[in-house]
Amino acid sequence: MFQQALLNEIVAFIAVAEYGSFTLAAASLNSTKSGTGKAVKKLEAELGLKLFNRTTRSVRLTEEGKIFLDAAKSALETINEAKLLLDSRKAEPAGRLRVNLPVGIGRNIVGALKEFTQKYPKVTLELSLTDRFEDAVQGEWDIVVRIGELDDSSFIAKTLCQTKRILCASPEYLARKGTPESLEELRNHDAIMYRLHTGKLRTWVFEKGDGSRTEMSPSPLAIFSDGRSFIDSVIAGLGIAQTYDKALALPMRKGELVELLPETAIPGSPVSALIPSGRAMPAKTKVFIEFLKKQLE
């Protein structure tokens, strides 16, 4: 296990060996002669070896001290090289980046990943698409993306974009069942509902012309608890659903879904990138967050 005290003792030992003096070594380390001497004595005690032959006029390495000096210098060089490597990784995006995304948002950005990987070829992406926040918490993810306000002190949230909650249906469904022209007409249509992780169904919420809001809990034709099946069922023409616009960007662009009653859409929860707290943010994480912002906006 890495011990800062041991590293300090080794640095003091190397300085004394190079300067041949406790006084000069202490000055180079911005320390005191007493402190430097104690550090070397403690190192000798831990090794069970005498590293210096001391006289009133000189400080000379023992044979064991000479052997240990070569090893100590080599170890410090390795540590410094590792630090330089890590510093370069902070500046240049590189390494494996593990990202956990909600299904709807994840499906929308997969097609744009080629742009990111071509720009940052040294970053290896590992993506997982799941709507359950519990699954994300249990994993060692660099970035967890979620919709909604989340109260978890183990993460730092960075807002990526805002959302709207919109009604949608497929052109095939509308051709078969007709297009609703008002909220009242929705009661005559097939509703696809989403079950939240709390076990409750997500009610439909609408904005009225006067700025107030109204809720609706339609009798569902089908209920889904995962985003993939939920969105796929609407694309397949099963019925009408209300969900976040950012989860529908791709099927809307492809013409697979149509927004209904856009004047009733309400502002939704923000999309946030959650970063584990207590960690410095490496370059690979920063550039992927910027990529997500660009795609979602």
# chains A, B, ... in the order shown; residues from 1 in each chain; ligands from 1
$ residues_around --residues "Leu43 (chain A)" --least-positions-apart "2" --cutoff "10 Å" --atoms "only C-alpha atoms" --output "list in words"
Ala5, Leu6, Leu7, Asn8, Glu9, Ile10, Ala12, Phe13, Gly37, Lys38, Ala39, Val40, Lys41, Ala45, Glu46, Leu47, Gly48, Leu49, Lys50 and Leu51 of chain A
$ closest_atom_pairs --of "region 172-228 of chain A" --to "region 92-113 of chain A" --cutoff "12 Å" --atoms "only C-alpha atoms" --output "CSV"
residue,atom,partner,partner_atom,distance
A:Ser225,CA,A:Val103,CA,11.4
A:Asp226,CA,A:Val103,CA,7.8
A:Gly227,CA,A:Val103,CA,5.4
A:Arg228,CA,A:Val103,CA,5.8
$ closest_residue --among "A:Leu260, A:Ile14, A:Ala222, A:Leu125" --to "Ala71 (chain A)" --atoms "only C-alpha atoms"
A:Ile14
$ select_by_dssp --residues "region 39-189 of chain A" --states "helix (DSSP H, G or I)" --output "ChimeraX atom specification"
/A:39-47,63-91,103-110,113-119,133-138,171-177,184-188
$ closest_residue --among "A:Phe230, A:Tyr244, A:Tyr19, A:Tyr120" --to "Leu61 (chain A)" --atoms "only C-alpha atoms"
A:Tyr19
$ select_by_dssp --residues "region 84-284 of chain A" --states "strand (DSSP E)" --output "compact mmCIF listing (two decimals) with N, CA and C atoms, in the first residue's frame"
# COMPACT_ATOMS: atom_id res chain seq x y z
N GLY A 95 -8.33 6.45 -23.12
CA GLY A 95 -8.70 5.42 -22.16
C GLY A 95 -10.14 4.98 -22.30
N ARG A 96 -10.54 4.04 -21.47
CA ARG A 96 -11.90 3.50 -21.50
C ARG A 96 -12.86 4.44 -20.77
N LEU A 97 -14.00 4.73 -21.39
CA LEU A 97 -15.02 5.59 -20.80
C LEU A 97 -16.32 4.80 -20.71
N ARG A 98 -16.77 4.56 -19.47
CA ARG A 98 -17.99 3.76 -19.24
C ARG A 98 -19.16 4.70 -19.00
N VAL A 99 -20.20 4.58 -19.86
CA VAL A 99 -21.33 5.49 -19.82
C VAL A 99 -22.63 4.70 -19.70
N ASN A 100 -23.50 5.13 -18.78
CA ASN A 100 -24.80 4.50 -18.58
C ASN A 100 -25.88 5.50 -18.99
N LEU A 101 -26.74 5.11 -19.95
CA LEU A 101 -27.73 6.02 -20.53
C LEU A 101 -29.13 5.45 -20.43
N VAL A 123 -10.10 7.13 -27.20
CA VAL A 123 -11.13 6.85 -26.19
C VAL A 123 -11.90 5.61 -26.61
N THR A 124 -11.98 4.64 -25.71
CA THR A 124 -12.78 3.43 -25.95
C THR A 124 -14.08 3.55 -25.17
N LEU A 125 -15.20 3.57 -25.89
CA LEU A 125 -16.50 3.74 -25.25
C LEU A 125 -17.09 2.41 -24.84
N GLU A 126 -17.63 2.37 -23.64
CA GLU A 126 -18.41 1.22 -23.18
C GLU A 126 -19.75 1.76 -22.71
N LEU A 127 -20.81 1.47 -23.47
CA LEU A 127 -22.13 2.02 -23.19
C LEU A 127 -23.10 0.95 -22.71
N SER A 128 -23.94 1.34 -21.76
CA SER A 128 -25.01 0.47 -21.29
C SER A 128 -26.30 1.29 -21.28
N LEU A 129 -27.36 0.73 -21.84
CA LEU A 129 -28.65 1.42 -21.90
C LEU A 129 -29.62 0.76 -20.93
N ILE A 143 -19.83 8.13 -16.36
CA ILE A 143 -20.93 9.07 -16.57
C ILE A 143 -22.25 8.29 -16.51
N VAL A 144 -23.19 8.81 -15.76
CA VAL A 144 -24.55 8.26 -15.74
C VAL A 144 -25.49 9.38 -16.19
N VAL A 145 -26.24 9.15 -17.25
CA VAL A 145 -27.17 10.16 -17.76
C VAL A 145 -28.59 9.78 -17.35
N ARG A 146 -29.31 10.74 -16.78
CA ARG A 146 -30.67 10.48 -16.36
C ARG A 146 -31.54 11.72 -16.57
N ILE A 147 -32.84 11.48 -16.74
CA ILE A 147 -33.83 12.55 -16.84
C ILE A 147 -34.47 12.73 -15.47
N PHE A 155 -23.06 11.65 -6.46
CA PHE A 155 -22.90 12.15 -7.83
C PHE A 155 -22.93 13.67 -7.87
N ILE A 156 -22.22 14.22 -8.83
CA ILE A 156 -22.31 15.65 -9.16
C ILE A 156 -23.05 15.75 -10.48
N ALA A 157 -24.13 16.53 -10.53
CA ALA A 157 -24.97 16.62 -11.73
C ALA A 157 -24.57 17.82 -12.59
N LYS A 158 -24.47 17.57 -13.89
CA LYS A 158 -24.21 18.63 -14.86
C LYS A 158 -25.33 18.60 -15.89
N THR A 159 -26.10 19.67 -15.96
CA THR A 159 -27.26 19.71 -16.85
C THR A 159 -26.83 19.70 -18.31
N LEU A 160 -27.43 18.80 -19.08
CA LEU A 160 -27.14 18.70 -20.50
C LEU A 160 -28.14 19.47 -21.35
N CYS A 161 -29.42 19.40 -20.96
CA CYS A 161 -30.47 20.09 -21.71
C CYS A 161 -31.77 20.02 -20.93
N LYS A 164 -39.21 18.49 -22.90
CA LYS A 164 -40.66 18.68 -22.89
C LYS A 164 -41.32 17.31 -22.82
N ARG A 165 -42.50 17.25 -22.24
CA ARG A 165 -43.29 16.02 -22.28
C ARG A 165 -44.35 16.19 -23.36
N ILE A 166 -44.27 15.32 -24.35
CA ILE A 166 -45.15 15.47 -25.51
C ILE A 166 -45.95 14.19 -25.76
N LEU A 167 -47.08 14.38 -26.43
CA LEU A 167 -47.89 13.25 -26.90
C LEU A 167 -47.39 12.82 -28.27
N CYS A 168 -47.41 11.51 -28.52
CA CYS A 168 -46.97 11.05 -29.83
C CYS A 168 -47.70 9.77 -30.22
N ALA A 169 -47.71 9.51 -31.51
CA ALA A 169 -48.28 8.28 -32.05
C ALA A 169 -47.66 8.06 -33.42
N ALA A 191 -54.26 4.06 -25.10
CA ALA A 191 -53.17 4.70 -24.36
C ALA A 191 -52.08 3.69 -24.01
N ILE A 192 -50.86 4.08 -24.24
CA ILE A 192 -49.70 3.29 -23.82
C ILE A 192 -49.08 4.01 -22.62
N MET A 193 -48.98 3.31 -21.49
CA MET A 193 -48.50 3.94 -20.26
C MET A 193 -47.14 3.38 -19.85
N TYR A 194 -46.42 4.20 -19.08
CA TYR A 194 -45.10 3.82 -18.60
C TYR A 194 -45.12 3.68 -17.08
N TRP A 204 -50.45 11.37 -17.44
CA TRP A 204 -50.30 12.34 -18.51
C TRP A 204 -50.60 13.73 -17.94
N VAL A 205 -49.75 14.70 -18.24
CA VAL A 205 -49.94 16.07 -17.76
C VAL A 205 -49.92 17.00 -18.97
N PHE A 206 -50.87 17.95 -18.99
CA PHE A 206 -51.00 18.85 -20.13
C PHE A 206 -51.10 20.30 -19.66
N GLU A 207 -50.70 21.20 -20.55
CA GLU A 207 -50.86 22.63 -20.30
C GLU A 207 -52.09 23.12 -21.06
N ARG A 213 -52.47 23.67 -15.60
CA ARG A 213 -52.19 22.30 -16.01
C ARG A 213 -53.32 21.36 -15.60
N THR A 214 -53.45 20.31 -16.37
CA THR A 214 -54.43 19.29 -16.04
C THR A 214 -53.80 17.91 -16.20
N GLU A 215 -54.23 16.97 -15.40
CA GLU A 215 -53.70 15.62 -15.45
C GLU A 215 -54.75 14.65 -15.98
N MET A 216 -54.26 13.57 -16.57
CA MET A 216 -55.14 12.54 -17.09
C MET A 216 -54.51 11.18 -16.81
N PRO A 220 -55.18 2.22 -19.65
CA PRO A 220 -54.16 1.84 -20.63
C PRO A 220 -54.50 0.57 -21.41
N LEU A 221 -54.13 0.59 -22.67
CA LEU A 221 -54.21 -0.62 -23.48
C LEU A 221 -53.02 -1.52 -23.15
N ALA A 222 -51.87 -0.89 -22.87
CA ALA A 222 -50.67 -1.65 -22.53
C ALA A 222 -49.80 -0.80 -21.60
N ILE A 223 -49.02 -1.49 -20.76
CA ILE A 223 -48.12 -0.83 -19.80
C ILE A 223 -46.73 -1.41 -19.97
N PHE A 224 -45.72 -0.53 -20.00
CA PHE A 224 -44.33 -0.97 -20.13
C PHE A 224 -43.48 -0.35 -19.02
N ALA A 241 -48.86 7.72 -26.66
CA ALA A 241 -48.09 7.78 -25.41
C ALA A 241 -47.64 9.21 -25.17
N GLN A 242 -47.34 9.49 -23.91
CA GLN A 242 -46.71 10.78 -23.57
C GLN A 242 -45.36 10.49 -22.93
N THR A 243 -44.32 11.13 -23.45
CA THR A 243 -42.99 10.93 -22.89
C THR A 243 -42.11 12.13 -23.22
N TYR A 244 -40.85 12.04 -22.87
CA TYR A 244 -39.93 13.17 -23.06
C TYR A 244 -39.49 13.28 -24.52
N VAL A 258 -45.29 10.97 -34.72
CA VAL A 258 -45.83 12.30 -34.96
C VAL A 258 -46.23 12.90 -33.62
N GLU A 259 -45.89 14.17 -33.40
CA GLU A 259 -46.31 14.84 -32.16
C GLU A 259 -47.77 15.26 -32.29
N LEU A 260 -48.52 15.05 -31.21
CA LEU A 260 -49.94 15.39 -31.18
C LEU A 260 -50.19 16.54 -30.20
N ILE A 266 -45.80 20.24 -21.97
CA ILE A 266 -45.33 20.95 -20.78
C ILE A 266 -43.81 20.79 -20.65
N PRO A 267 -43.15 21.78 -20.01
CA PRO A 267 -41.72 21.61 -19.74
C PRO A 267 -41.49 20.38 -18.87
N VAL A 271 -32.23 16.89 -18.41
CA VAL A 271 -31.36 15.73 -18.62
C VAL A 271 -30.00 16.09 -18.02
N SER A 272 -29.51 15.24 -17.14
CA SER A 272 -28.26 15.53 -16.44
C SER A 272 -27.24 14.42 -16.65
N ALA A 273 -25.98 14.84 -16.70
CA ALA A 273 -24.86 13.89 -16.68
C ALA A 273 -24.36 13.83 -15.25
N LEU A 274 -24.39 12.66 -14.67
CA LEU A 274 -23.99 12.48 -13.28
C LEU A 274 -22.57 11.93 -13.23
N ILE A 275 -21.71 12.64 -12.53
CA ILE A 275 -20.30 12.26 -12.39
C ILE A 275 -20.05 11.85 -10.95
N PRO A 276 -19.42 10.71 -10.70
CA PRO A 276 -19.14 10.33 -9.32
C PRO A 276 -18.38 11.43 -8.59
